[in-house]
$ cat entry24.txt   # compact mmCIF, C-alpha atoms
# COMPACT_ATOMS: atom_id res chain seq x y z
CA MET A 666 98.80 85.96 118.37
CA THR A 667 97.29 85.76 114.88
CA VAL A 668 98.37 88.11 112.11
CA THR A 669 96.53 88.24 108.81
CA ILE A 670 98.27 90.19 106.06
CA ALA A 671 95.30 91.08 103.87
CA ARG A 672 96.08 91.38 100.16
CA THR A 673 92.66 92.48 98.89
CA LEU A 674 89.88 94.61 100.32
CA ASP A 675 87.49 91.66 100.21
CA ASP A 676 89.98 89.55 102.20
CA ALA A 677 90.34 92.30 104.76
CA CYS A 678 86.56 92.70 105.14
CA ALA A 679 86.08 88.94 105.37
CA ALA A 680 88.76 88.66 108.06
CA LEU A 681 87.13 91.46 110.05
CA ALA A 682 83.68 89.91 109.64
CA ASP A 683 85.05 86.66 111.07
CA ARG A 684 87.02 88.34 113.83
CA PRO A 685 85.37 91.71 114.59
CA ASP A 686 87.58 92.17 117.66
CA ALA A 687 90.77 91.99 115.61
CA VAL A 688 93.02 95.02 115.75
CA VAL A 689 93.35 96.75 112.39
CA LEU A 690 96.96 97.63 111.58
CA ALA A 691 98.01 100.00 108.80
CA GLY A 692 101.22 102.05 109.14
CA GLY A 693 101.44 101.14 112.81
CA THR A 694 102.86 104.52 113.81
CA ASP A 695 100.43 104.85 116.73
CA LEU A 696 99.52 101.23 117.39
CA MET A 697 102.97 99.63 117.40
CA VAL A 698 104.33 102.26 119.77
CA GLU A 699 101.55 101.41 122.23
CA VAL A 700 102.30 97.71 121.81
CA ASN A 701 106.05 98.16 122.34
CA ARG A 702 105.41 100.27 125.41
CA GLY A 703 103.24 97.52 126.84
CA LEU A 704 100.16 99.72 126.85
CA ARG A 705 98.26 97.48 124.51
CA ARG A 706 98.09 93.79 123.68
CA MET A 707 97.48 92.54 120.19
CA ASP A 708 96.11 89.03 120.11
CA ASP A 709 94.57 89.23 116.70
CA VAL A 710 95.70 91.55 113.91
CA VAL A 711 94.45 92.29 110.43
CA ALA A 712 97.12 94.28 108.57
CA LEU A 713 95.92 96.49 105.71
CA ASP A 714 99.15 97.99 104.45
CA ARG A 715 99.51 95.43 101.64
CA VAL A 716 95.98 95.93 100.27
CA ALA A 717 96.56 97.49 96.86
CA GLU A 718 92.98 98.82 96.60
CA LEU A 719 93.52 101.00 99.66
CA ARG A 720 96.52 102.70 98.10
CA GLY A 721 96.49 105.56 95.62
CA TRP A 722 93.97 108.23 94.78
CA ASP A 723 91.54 109.24 92.02
CA ARG A 724 90.34 112.61 90.94
CA ASP A 725 86.76 112.89 89.72
CA GLY A 726 86.12 116.48 88.64
CA ASP A 727 86.30 118.60 91.75
CA GLU A 728 86.44 115.65 94.10
CA LEU A 729 89.48 113.75 95.26
CA ARG A 730 89.17 110.21 96.58
CA LEU A 731 92.11 109.24 98.74
CA GLY A 732 92.59 105.55 99.45
CA ALA A 733 92.76 104.93 103.19
CA ALA A 734 96.37 103.74 102.93
CA THR A 735 97.53 106.96 101.28
CA THR A 736 100.57 107.93 103.33
CA CYS A 737 101.47 111.28 104.83
CA ALA A 738 104.50 111.30 102.51
CA GLU A 739 102.13 110.98 99.55
CA LEU A 740 99.79 113.67 100.91
CA ALA A 741 102.78 116.00 101.19
CA GLY A 742 104.12 115.07 97.76
CA ASP A 743 104.11 117.02 94.51
CA GLU A 744 101.02 115.35 93.07
CA LEU A 745 98.55 115.85 95.92
CA ALA A 746 99.86 119.03 97.55
CA PRO A 747 98.51 121.39 94.87
CA LEU A 748 95.05 119.79 95.08
CA VAL A 749 94.59 119.95 98.86
CA PRO A 750 97.36 122.24 100.16
CA ALA A 751 96.23 122.27 103.79
CA LEU A 752 96.25 118.48 103.91
CA ALA A 753 99.80 118.52 102.55
CA GLN A 754 100.86 121.11 105.12
CA ALA A 755 99.37 119.02 107.91
CA ALA A 756 100.99 115.82 106.60
CA ARG A 757 104.40 117.53 106.51
CA THR A 758 104.16 118.22 110.24
CA VAL A 759 103.58 114.57 111.12
CA GLY A 760 106.56 112.79 112.73
CA SER A 761 109.68 112.32 110.62
CA PRO A 762 110.25 111.04 107.06
CA GLN A 763 110.17 107.43 108.30
CA ILE A 764 106.85 108.06 110.06
CA ARG A 765 105.38 109.89 107.08
CA ASN A 766 106.34 106.95 104.83
CA ALA A 767 104.30 104.64 107.08
CA ALA A 768 101.50 106.79 108.52
CA THR A 769 98.23 106.70 106.59
CA ILE A 770 95.26 109.04 106.38
CA GLY A 771 92.95 106.15 107.26
CA GLY A 772 95.04 105.42 110.33
CA ASN A 773 94.95 109.04 111.44
CA LEU A 774 91.14 108.95 111.15
CA ALA A 775 90.72 105.60 112.86
CA THR A 776 93.01 106.52 115.74
CA ALA A 777 90.86 109.64 116.16
CA SER A 778 93.31 111.33 118.49
CA PRO A 779 92.34 114.91 119.37
CA ALA A 780 95.85 115.78 118.12
CA GLY A 781 95.50 113.94 114.78
CA ASP A 782 97.04 116.42 112.36
CA THR A 783 94.92 115.68 109.31
CA LEU A 784 91.64 115.80 111.22
CA PRO A 785 91.07 119.58 111.39
CA VAL A 786 91.83 119.79 107.68
CA LEU A 787 89.36 117.03 106.88
CA ALA A 788 86.79 118.77 109.12
CA ALA A 789 87.30 122.12 107.35
CA LEU A 790 86.95 120.38 103.98
CA ASP A 791 83.73 118.56 105.02
CA ALA A 792 85.40 115.30 104.05
CA VAL A 793 83.38 112.11 103.68
CA VAL A 794 84.72 108.84 105.05
CA GLU A 795 83.99 105.74 102.96
CA VAL A 796 83.45 102.83 105.30
CA ARG A 797 83.51 99.28 104.03
CA SER A 798 82.49 95.87 105.36
CA VAL A 799 81.21 92.58 103.97
CA HIS A 800 77.77 94.23 103.99
CA GLY A 801 78.82 96.96 101.56
CA THR A 802 79.98 100.56 101.61
CA ARG A 803 78.55 103.48 103.54
CA ASP A 804 79.51 107.15 103.67
CA VAL A 805 80.08 108.87 107.01
CA PRO A 806 80.51 112.65 107.05
CA ILE A 807 83.62 113.69 108.95
CA ASP A 808 81.65 115.52 111.65
CA GLY A 809 79.97 112.25 112.57
CA PHE A 810 83.04 110.07 112.20
CA VAL A 811 85.19 111.17 115.11
CA THR A 812 82.90 110.60 118.08
CA GLY A 813 85.23 111.31 121.00
CA VAL A 814 88.78 111.01 122.25
CA LYS A 815 90.21 108.08 120.27
CA SER A 816 86.78 106.81 119.31
CA ASN A 817 85.13 106.69 115.93
CA ALA A 818 81.92 105.68 114.20
CA LEU A 819 83.21 102.38 112.80
CA ALA A 820 80.99 99.42 113.69
CA PRO A 821 82.56 96.02 114.40
CA GLY A 822 83.71 94.48 111.12
CA GLU A 823 84.06 97.84 109.35
CA LEU A 824 87.19 99.48 108.02
CA ILE A 825 87.97 102.78 106.32
CA ALA A 826 88.30 102.32 102.57
CA ALA A 827 88.80 105.92 101.46
CA VAL A 828 88.30 109.59 102.27
CA ARG A 829 86.72 111.98 99.80
CA VAL A 830 87.53 115.69 99.85
CA PRO A 831 86.58 118.54 97.54
CA ILE A 832 89.21 120.26 95.40
CA LEU A 833 88.50 123.89 96.19
CA ASP A 834 89.47 127.06 94.38
CA GLY A 835 91.10 129.23 97.04
CA PRO A 836 93.98 129.36 99.49
CA GLN A 837 94.34 126.93 102.40
CA GLU A 838 96.37 127.07 105.59
CA PHE A 839 97.28 124.55 108.26
CA LEU A 840 99.04 125.91 111.33
CA LYS A 841 100.22 123.97 114.34
CA VAL A 842 101.72 124.88 117.69
CA GLY A 843 104.01 122.39 119.40
CA THR A 844 106.89 122.36 121.82
CA ARG A 845 109.45 122.26 118.99
CA ASN A 846 109.52 121.91 115.23
CA ALA A 847 110.53 118.28 114.70
CA MET A 848 108.57 115.15 115.62
CA VAL A 849 106.00 116.98 117.65
CA ILE A 850 102.44 116.30 118.75
CA SER A 851 100.33 119.40 118.39
CA VAL A 852 99.29 121.49 121.38
CA ALA A 853 96.86 123.37 119.15
CA SER A 854 96.24 123.37 115.43
CA LEU A 855 94.04 125.17 112.94
CA ALA A 856 92.99 124.55 109.37
CA LEU A 857 91.49 127.30 107.24
CA VAL A 858 90.17 126.70 103.75
CA VAL A 859 88.69 129.23 101.36
CA ASP A 860 86.05 128.22 98.84
CA ARG A 861 86.07 131.06 96.36
CA ALA A 862 83.27 129.58 94.25
CA GLY A 863 81.03 129.15 97.30
CA ARG A 864 82.28 132.45 98.77
CA ASN A 865 82.95 130.98 102.16
CA VAL A 866 85.75 130.48 104.63
CA ARG A 867 85.87 127.32 106.74
CA VAL A 868 87.89 126.90 109.91
CA ALA A 869 88.49 123.85 112.07
CA LEU A 870 90.59 123.36 115.20
CA GLY A 871 92.60 120.44 116.52
CA SER A 872 93.90 119.53 120.00
CA VAL A 873 91.49 121.94 121.67
CA ALA A 874 88.50 119.63 122.16
CA PRO A 875 87.81 115.87 122.22
CA VAL A 876 86.98 116.01 118.51
CA PRO A 877 87.88 118.43 115.69
CA VAL A 878 85.80 121.60 116.10
CA ARG A 879 84.45 123.87 113.40
CA ALA A 880 84.41 127.58 114.33
CA VAL A 881 81.04 128.21 112.71
CA GLU A 882 80.39 131.75 113.95
CA ALA A 883 83.85 132.81 112.86
CA GLU A 884 83.24 131.24 109.46
CA VAL A 885 79.98 133.17 109.00
CA LEU A 886 81.62 136.45 109.98
CA ALA A 887 84.59 135.99 107.63
CA SER A 888 82.46 134.75 104.74
CA ASP A 889 80.14 137.80 105.13
CA ARG A 890 82.77 140.46 105.54
CA ILE A 891 85.30 139.46 102.91
CA ASP A 892 85.08 141.51 99.74
CA TRP A 893 85.04 138.51 97.41
CA ASP A 894 85.21 140.61 94.24
CA ALA A 895 88.29 142.53 95.34
CA GLY A 896 89.79 139.57 97.21
CA ALA A 897 91.30 141.98 99.70
CA ALA A 898 92.24 141.07 103.25
CA PRO A 899 89.54 142.06 105.76
CA GLY A 900 90.34 145.00 108.01
CA PRO A 901 92.00 144.57 111.40
CA VAL A 902 88.74 144.90 113.33
CA VAL A 903 87.18 142.03 111.40
CA VAL A 904 90.33 139.93 111.71
CA ASP A 905 90.34 140.45 115.49
CA ARG A 906 86.65 139.58 115.80
CA PHE A 907 87.20 136.52 113.64
CA ALA A 908 90.10 135.37 115.81
CA GLY A 909 88.07 135.96 118.97
CA LEU A 910 85.20 133.87 117.63
CA VAL A 911 87.62 131.08 116.70
CA ALA A 912 89.00 131.10 120.26
CA ASP A 913 85.43 130.97 121.61
CA ALA A 914 84.81 127.79 119.61
CA ALA A 915 87.68 125.96 121.33
CA ARG A 916 86.89 123.72 124.28
CA PRO A 917 90.41 123.07 125.55
CA ILE A 918 91.61 121.30 128.67
CA ASP A 919 94.74 121.49 130.80
CA ASP A 920 97.05 118.54 130.18
CA HIS A 921 100.75 117.64 130.09
CA ARG A 922 101.21 119.42 126.77
CA GLY A 923 99.61 122.75 127.61
CA THR A 924 96.99 124.60 129.58
CA ALA A 925 93.49 125.41 128.40
CA ALA A 926 94.26 129.14 128.60
CA TYR A 927 97.38 128.74 126.47
CA ARG A 928 95.53 126.69 123.89
CA ARG A 929 92.70 129.22 123.62
CA HIS A 930 95.25 132.00 123.18
CA ALA A 931 97.19 129.93 120.63
CA VAL A 932 94.21 129.29 118.35
CA GLU A 933 93.33 133.00 118.47
CA VAL A 934 96.85 133.81 117.23
CA LEU A 935 96.70 131.04 114.62
CA ALA A 936 93.30 132.26 113.38
CA ARG A 937 94.55 135.80 112.87
CA ARG A 938 97.65 134.56 111.10
CA ALA A 939 95.79 132.10 108.86
CA LEU A 940 93.16 134.62 107.72
CA ARG A 941 95.78 137.27 106.97
CA ARG A 942 97.95 134.83 105.06
CA ALA A 943 95.03 133.51 103.05
CA PHE A 944 94.00 136.99 101.94
CA THR A 945 97.40 138.49 101.33
CA ALA A 946 98.22 139.55 97.79
CA GLY A 947 99.57 136.62 95.81
CA SER A 948 97.46 134.11 97.68
CA GLY A 949 95.36 133.57 94.60
CA VAL A 950 92.08 134.91 95.96
CA ALA A 951 92.19 138.26 94.21
CA ALA A 952 90.61 138.13 90.78
CA MET B 459 104.35 82.09 110.57
CA GLU B 460 106.50 81.91 107.46
CA VAL B 461 108.00 85.23 106.41
CA SER B 462 109.99 85.78 103.25
CA VAL B 463 111.80 89.07 102.79
CA THR B 464 114.39 90.08 100.21
CA VAL B 465 117.14 91.46 102.42
CA ASN B 466 120.09 93.16 100.73
CA GLY B 467 119.23 91.41 97.49
CA THR B 468 118.84 87.89 98.86
CA VAL B 469 115.52 86.21 99.64
CA ARG B 470 115.55 85.27 103.33
CA SER B 471 112.80 83.11 104.78
CA ALA B 472 112.16 82.17 108.35
CA ASP B 473 109.43 80.78 110.53
CA VAL B 474 108.81 83.55 113.05
CA GLU B 475 106.43 84.35 115.86
CA PRO B 476 103.69 86.57 114.38
CA ARG B 477 104.60 89.30 116.88
CA THR B 478 108.22 89.49 115.62
CA LEU B 479 109.31 93.00 114.76
CA LEU B 480 111.30 93.55 111.58
CA ALA B 481 114.24 94.83 113.65
CA HIS B 482 114.31 91.59 115.67
CA PHE B 483 113.91 89.48 112.52
CA LEU B 484 116.95 91.21 111.00
CA ARG B 485 119.06 90.98 114.15
CA ASP B 486 118.05 87.69 115.70
CA ASP B 487 116.90 85.53 112.81
CA LEU B 488 119.28 86.81 110.13
CA GLY B 489 122.18 87.91 112.33
CA LEU B 490 122.26 91.36 110.75
CA THR B 491 123.11 93.24 113.92
CA GLY B 492 124.07 96.47 112.16
CA THR B 493 120.49 97.65 112.61
CA ASN B 494 120.33 98.95 116.17
CA ILE B 495 117.32 99.32 118.41
CA GLY B 496 117.29 102.44 120.53
CA CYS B 497 113.90 103.47 121.81
CA ASP B 498 111.36 100.90 120.57
CA THR B 499 108.88 103.73 120.03
CA SER B 500 109.75 105.23 116.61
CA SER B 501 111.46 108.21 118.20
CA CYS B 502 115.21 107.71 117.77
CA GLY B 503 115.62 106.27 114.28
CA ALA B 504 118.51 103.93 115.20
CA CYS B 505 116.56 101.06 113.59
CA THR B 506 116.04 102.81 110.24
CA VAL B 507 116.20 100.54 107.20
CA LEU B 508 114.87 100.91 103.67
CA VAL B 509 111.67 99.04 102.88
CA ASP B 510 110.97 99.04 99.14
CA GLY B 511 113.39 101.94 98.85
CA ARG B 512 111.85 104.21 101.49
CA SER B 513 113.12 104.79 105.01
CA ALA B 514 111.24 102.94 107.72
CA LYS B 515 111.62 102.39 111.44
CA SER B 516 112.02 98.64 111.75
CA CYS B 517 111.20 98.60 115.49
CA THR B 518 107.56 99.42 114.86
CA LEU B 519 106.94 97.25 111.84
CA LEU B 520 106.04 93.58 112.06
CA ALA B 521 108.31 91.26 110.10
CA ALA B 522 105.08 89.87 108.65
CA GLN B 523 104.28 93.30 107.19
CA ALA B 524 107.56 93.17 105.26
CA ASP B 525 106.72 89.76 103.76
CA GLY B 526 107.43 90.05 100.04
CA ALA B 527 109.16 93.40 100.42
CA GLU B 528 112.73 94.43 99.61
CA VAL B 529 114.66 95.54 102.67
CA THR B 530 118.05 97.20 102.65
CA THR B 531 120.08 97.38 105.85
CA ILE B 532 123.42 99.01 106.59
CA GLU B 533 125.10 95.71 105.69
CA GLY B 534 123.69 95.98 102.18
CA LEU B 535 125.15 99.36 101.27
CA ALA B 536 128.79 98.58 100.57
CA GLY B 537 129.50 97.05 97.17
CA GLU B 538 132.43 95.30 95.56
CA ASP B 539 134.09 98.68 95.09
CA GLY B 540 134.04 99.38 98.81
CA LEU B 541 131.96 101.62 100.97
CA HIS B 542 128.79 103.31 99.78
CA PRO B 543 129.43 107.05 99.17
CA MET B 544 127.37 107.89 102.27
CA GLN B 545 129.42 105.52 104.42
CA GLN B 546 132.62 106.97 102.95
CA ALA B 547 131.43 110.50 103.70
CA PHE B 548 130.56 109.58 107.30
CA HIS B 549 134.05 108.08 107.62
CA GLU B 550 135.83 111.08 106.13
CA CYS B 551 133.83 113.73 108.00
CA HIS B 552 134.09 111.82 111.26
CA ALA B 553 130.29 111.86 111.49
CA LEU B 554 130.12 109.60 114.49
CA GLN B 555 131.08 109.56 118.11
CA CYS B 556 129.75 106.51 119.94
CA GLY B 557 128.39 105.16 116.66
CA TYR B 558 125.09 103.84 117.97
CA CYS B 559 122.90 106.08 115.81
CA THR B 560 125.18 105.75 112.77
CA PRO B 561 123.54 102.86 110.89
CA GLY B 562 120.14 104.52 111.17
CA MET B 563 121.57 107.93 110.31
CA VAL B 564 123.27 106.53 107.21
CA MET B 565 120.12 104.74 106.05
CA ALA B 566 117.95 107.84 106.62
CA ALA B 567 120.54 109.95 104.79
CA VAL B 568 120.66 107.54 101.84
CA SER B 569 116.87 107.77 101.57
CA LEU B 570 116.98 111.57 101.89
CA VAL B 571 119.58 112.00 99.16
CA ASP B 572 117.66 109.60 96.95
CA GLU B 573 114.45 111.61 97.34
CA TYR B 574 115.65 115.20 97.15
CA ASP B 575 117.94 117.24 94.94
CA ASP B 576 119.49 120.51 96.05
CA LEU B 577 119.90 119.60 99.70
CA ASP B 578 121.45 122.23 101.94
CA GLY B 579 122.26 122.33 105.66
CA ASP B 580 118.71 123.21 106.67
CA SER B 581 117.01 120.60 104.52
CA VAL B 582 119.44 117.90 105.70
CA ARG B 583 118.68 118.78 109.32
CA GLU B 584 114.96 118.68 108.54
CA GLY B 585 115.31 115.43 106.63
CA LEU B 586 117.09 113.78 109.55
CA GLU B 587 114.52 114.93 112.12
CA GLY B 588 113.59 111.32 112.79
CA ASN B 589 117.11 110.33 113.86
CA LEU B 590 118.60 111.25 117.20
CA CYS B 591 122.31 111.28 118.05
CA ARG B 592 122.73 110.92 121.78
CA CYS B 593 126.27 112.32 121.50
CA THR B 594 124.75 115.39 119.79
CA GLY B 595 127.23 114.97 116.95
CA TYR B 596 124.91 116.52 114.39
CA GLN B 597 127.36 119.06 112.96
CA ASN B 598 129.57 116.46 111.31
CA ILE B 599 126.62 114.28 110.35
CA VAL B 600 125.16 117.18 108.34
CA LYS B 601 128.60 117.82 106.82
CA ALA B 602 128.87 114.18 105.80
CA VAL B 603 125.45 114.08 104.14
CA LEU B 604 126.24 117.23 102.19
CA ALA B 605 129.66 115.81 101.24
CA ALA B 606 127.98 112.65 99.96
CA THR B 607 125.77 114.70 97.64
CA GLU B 608 128.76 116.31 95.91

$ encode --input "entry24.txt" --output "C-alpha cells"
Amino acid sequence: MTVTIARTLDDACAALADRPDAVVLAGGTDLMVEVNRGLRRMDDVVALDRVAELRGWDRDGDELRLGAATTCAELAGDELAPLVPALAQAARTVGSPQIRNAATIGGNLATASPAGDTLPVLAALDAVVEVRSVHGTRDVPIDGFVTGVKSNALAPGELIAAVRVPILDGPQEFLKVGTRNAMVISVASLALVVDRAGRNVRVALGSVAPVPVRAVEAEVLASDRIDWDAGAAPGPVVVDRFAGLVADAARPIDDHRGTAAYRRHAVEVLARRALRRAFTAGSGVAA
Amino acid sequence: MEVSVTVNGTVRSADVEPRTLLAHFLRDDLGLTGTNIGCDTSSCGACTVLVDGRSAKSCTLLAAQADGAEVTTIEGLAGEDGLHPMQQAFHECHALQCGYCTPGMVMAAVSLVDEYDDLDGDSVREGLEGNLCRCTGYQNIVKAVLAATE
C-alpha cells in the first residue's frame, strides 16, 4: 500500500494525475470504516486532510466559498452557522463530536451517499462544486455533481477543491428523521431555504431517492402563495398542498432503514413542519 | 513509512506500514495501551484521543495522517500534581464499571469541557454521544463530567 500525505493542492493534483485510481482520503469517516470492515481495499491513497489550501472559508459579498476540507464541526460552529444555518443544522446531526471534527463537506459530496446530510442543503442552496485537477479548475452545479448512489461527476485525476453557496436573506431549516437522535444515518431528510430577496422558497430532500431531489412544484406553489410583504405563514390549505407536492417529489425505496411508504409520509410531515417554522413570527421573514 | 507524531508532549517516530491505524501505532509501536479499540468502525469511541486538541477516533485514522500532529492519550493527562481533574472526577464519582470505555470517555469529556462552557446534564449526554458504555454506566459518567467542570 502507498500513502501520500499531500501538503499542497498542487501536490495532491499531481499525485492524482500520476495515479488516477488512487483512493482520495479526507476525514476518513466513511472510507476507513469500510476498510476496517473489510468491504474495501486501499492499495493507493492520497490523503488531503493536511492540505492547508483546502481548509477554511472566504466570504465574497453574498457568496461563501467553503474549502473542501471544512469540517462538520466548523460548519456547525459560531462563525459559519449564521451565514448558512441549514448547513450548520445538517452538520450538527452528523455522527458524534469526534466524527464532526474529522468529517468534511468535500468528503460528504464525494461519497455521494443518498443519506449524506449536507447534500439536500447544498441542493436547496444551488451550490456550485469547484473541481480541481492538473488541467485547471471547473465548476459543477450541485444538481449535476451527484450522479447516482455513491457516484459523482469527478473525472479521474480530479478532486473537490471547494463548494460555493449563496448567503441568503431568510430563514432556513434542515430536518432529519432517524431511528434515534445520536449517531444516526437519516431515513429521510429535508432542507428548506427562503430567499427573501428573490422571493422564493427552495426545498430539497435526502434519503428518498438515489440523489438529492428538489421539490420544484412545491417550491413554485410556496413561492407564489406566500405574502412576501407581510411575511405571514401561508394558510393551512396551502401548507397541506405544499407538503403533498413535496411528498410527490420523493422517489423512495424500501430498505433496512425504512419503507418507501414511511419515507414518503415522513417528508410530508417534515415539509409541513419546515414551512410553518420558517414563516412563524420571529423567523426573520416578516418585514 | 516514517511517521513522526508528538505524543503526550514527546516526539515519537517509527517506521510503520502505511496502513497502520493511529490506534495501533499508539498501542503496538509506542506501548501506550491505555487507548482501547472497541468496534473498529467509529461507533463506540473507546479509541478516542486528542489530535491537535480535538477529539478523534484513532481507529479510523491512519498513523500517517497524524504525522506532524500533537496527540494526547489517556497516559498524557496526569501531571506531576497527580490525576487530571477529569480523571479525579471519574474516580470520585465511580464513573466506571468494567472500565473499557473509560479512557475514551475521559478523552471525549476533556475535549467537551474544553470546547463548551455552561455544560449541563443534557449537553454532556449530547457531547458524549460518540462514546458507548457497554455496562450502561452513563449516570455516573455524566455526574463525573459535571463534577469536573465545577

$ interface_residues --input "entry24.txt" --of "chain B" --to "chain A" --cutoff "10 Å" --atoms "all atoms listed in the file" --output "PyMOL selection string"
chain B and resi 459+475-477+479+497-501+503+506-509+512-520+522-527+566+569-570+583-589

$ residues_around --input "entry24.txt" --residues "Gly492 in chain B" --least-positions-apart "6" --cutoff "12 Å" --atoms "only C-alpha atoms" --output "list in words"
Ala481, His482, Leu484, Arg485, Asp486, Ala504, Cys505, Thr506, Val507, Thr530, Thr531, Ile532, Glu533, Gly534, Leu535, Gly557, Tyr558, Cys559, Thr560, Pro561, Gly562, Met563, Val564 and Met565 of chain B

$ write_last_selection --input "entry24.txt" --atoms "C-alpha atoms" --output "tab-separated table (two decimals), in the coordinates of the input"
chain	number	residue	atom	x	y	z
B	481	ALA	CA	114.24	94.83	113.65
B	482	HIS	CA	114.31	91.59	115.67
B	484	LEU	CA	116.95	91.21	111.00
B	485	ARG	CA	119.06	90.98	114.15
B	486	ASP	CA	118.05	87.69	115.70
B	504	ALA	CA	118.51	103.93	115.20
B	505	CYS	CA	116.56	101.06	113.59
B	506	THR	CA	116.04	102.81	110.24
B	507	VAL	CA	116.20	100.54	107.20
B	530	THR	CA	118.05	97.20	102.65
B	531	THR	CA	120.08	97.38	105.85
B	532	ILE	CA	123.42	99.01	106.59
B	533	GLU	CA	125.10	95.71	105.69
B	534	GLY	CA	123.69	95.98	102.18
B	535	LEU	CA	125.15	99.36	101.27
B	557	GLY	CA	128.39	105.16	116.66
B	558	TYR	CA	125.09	103.84	117.97
B	559	CYS	CA	122.90	106.08	115.81
B	560	THR	CA	125.18	105.75	112.77
B	561	PRO	CA	123.54	102.86	110.89
B	562	GLY	CA	120.14	104.52	111.17
B	563	MET	CA	121.57	107.93	110.31
B	564	VAL	CA	123.27	106.53	107.21
B	565	MET	CA	120.12	104.74	106.05

$ residues_around --input "entry24.txt" --residues "range 805-808 of chain A" --least-positions-apart "6" --cutoff "9 Å" --atoms "all atoms listed in the file" --output "PyMOL selection string"
chain A and resi 784+787-788+790-796+818+876-879

$ atom_distance --input "entry24.txt" --atom1 "CA of Asp834 in chain A" --atom2 "CA of Asp860 in chain A"
5.7 Å

$ residues_around --input "entry24.txt" --residues "Ala553 in chain B" --least-positions-apart "6" --cutoff "10 Å" --atoms "all atoms listed in the file" --output "ChimeraX atom specification"
/B:545,547,560,563-564,595-603

$ closest_residue --input "entry24.txt" --among "B:Thr594, B:Thr493, B:Thr478, B:Ser581" --to "Val529 in chain B" --atoms "only C-alpha atoms"
B:Thr493

$ closest_residue --input "entry24.txt" --among "A:Ala768, A:Val868, A:Leu935, A:Ala717" --to "Leu740 in chain A" --atoms "all atoms listed in the file"
A:Ala768

$ closest_residue --input "entry24.txt" --among "A:His921, A:Arg706, A:Arg942, A:Arg730" --to "Ala897 in chain A" --atoms "only C-alpha atoms"
A:Arg942

$ atom_distance --input "entry24.txt" --atom1 "CA of Ala521 in chain B" --atom2 "CA of Phe483 in chain B"
6.4 Å

$ atom_distance --input "entry24.txt" --atom1 "CA of Asp676 in chain A" --atom2 "CA of Gly771 in chain A"
17.6 Å

$ decode --input "entry24.txt" --residues "range 482-494 of chain B" --atoms "N, CA, C and O atoms" --output "short mmCIF file (atom, residue, chain, number, x, y, z; two decimals), in the first residue's frame"
data_model
loop_
_atom_site.label_atom_id
_atom_site.label_comp_id
_atom_site.auth_asym_id
_atom_site.auth_seq_id
_atom_site.Cartn_x
_atom_site.Cartn_y
_atom_site.Cartn_z
N HIS B 482 -3.36 1.59 16.51
CA HIS B 482 -2.37 0.52 16.54
C HIS B 482 -0.96 1.08 16.74
O HIS B 482 -0.14 0.47 17.42
N PHE B 483 -0.70 2.23 16.13
CA PHE B 483 0.60 2.89 16.32
C PHE B 483 0.81 3.19 17.81
O PHE B 483 1.87 2.90 18.38
N LEU B 484 -0.23 3.75 18.44
CA LEU B 484 -0.12 4.10 19.86
C LEU B 484 0.08 2.85 20.71
O LEU B 484 0.93 2.81 21.60
N ARG B 485 -0.70 1.83 20.44
CA ARG B 485 -0.68 0.63 21.28
C ARG B 485 0.54 -0.26 21.00
O ARG B 485 1.23 -0.68 21.92
N ASP B 486 0.76 -0.53 19.72
CA ASP B 486 1.75 -1.55 19.37
C ASP B 486 3.15 -0.98 19.20
O ASP B 486 4.13 -1.60 19.62
N ASP B 487 3.25 0.18 18.59
CA ASP B 487 4.58 0.75 18.36
C ASP B 487 5.06 1.51 19.59
O ASP B 487 6.25 1.49 19.89
N LEU B 488 4.16 2.22 20.27
CA LEU B 488 4.58 3.04 21.40
C LEU B 488 4.26 2.41 22.75
O LEU B 488 4.67 2.93 23.79
N GLY B 489 3.52 1.32 22.74
CA GLY B 489 3.20 0.65 24.01
C GLY B 489 2.21 1.41 24.88
O GLY B 489 2.09 1.13 26.08
N LEU B 490 1.50 2.37 24.28
CA LEU B 490 0.51 3.13 25.06
C LEU B 490 -0.84 2.42 24.95
O LEU B 490 -1.69 2.77 24.13
N THR B 491 -1.02 1.43 25.80
CA THR B 491 -2.19 0.56 25.67
C THR B 491 -3.42 1.09 26.41
O THR B 491 -4.43 0.41 26.51
N GLY B 492 -3.32 2.32 26.92
CA GLY B 492 -4.50 2.92 27.55
C GLY B 492 -5.60 3.19 26.55
O GLY B 492 -6.78 3.16 26.88
N THR B 493 -5.22 3.47 25.31
CA THR B 493 -6.21 3.70 24.25
C THR B 493 -6.76 2.34 23.81
O THR B 493 -6.03 1.53 23.26
N ASN B 494 -8.02 2.12 24.06
CA ASN B 494 -8.64 0.83 23.71
C ASN B 494 -9.26 0.87 22.33
O ASN B 494 -9.60 1.95 21.83
#
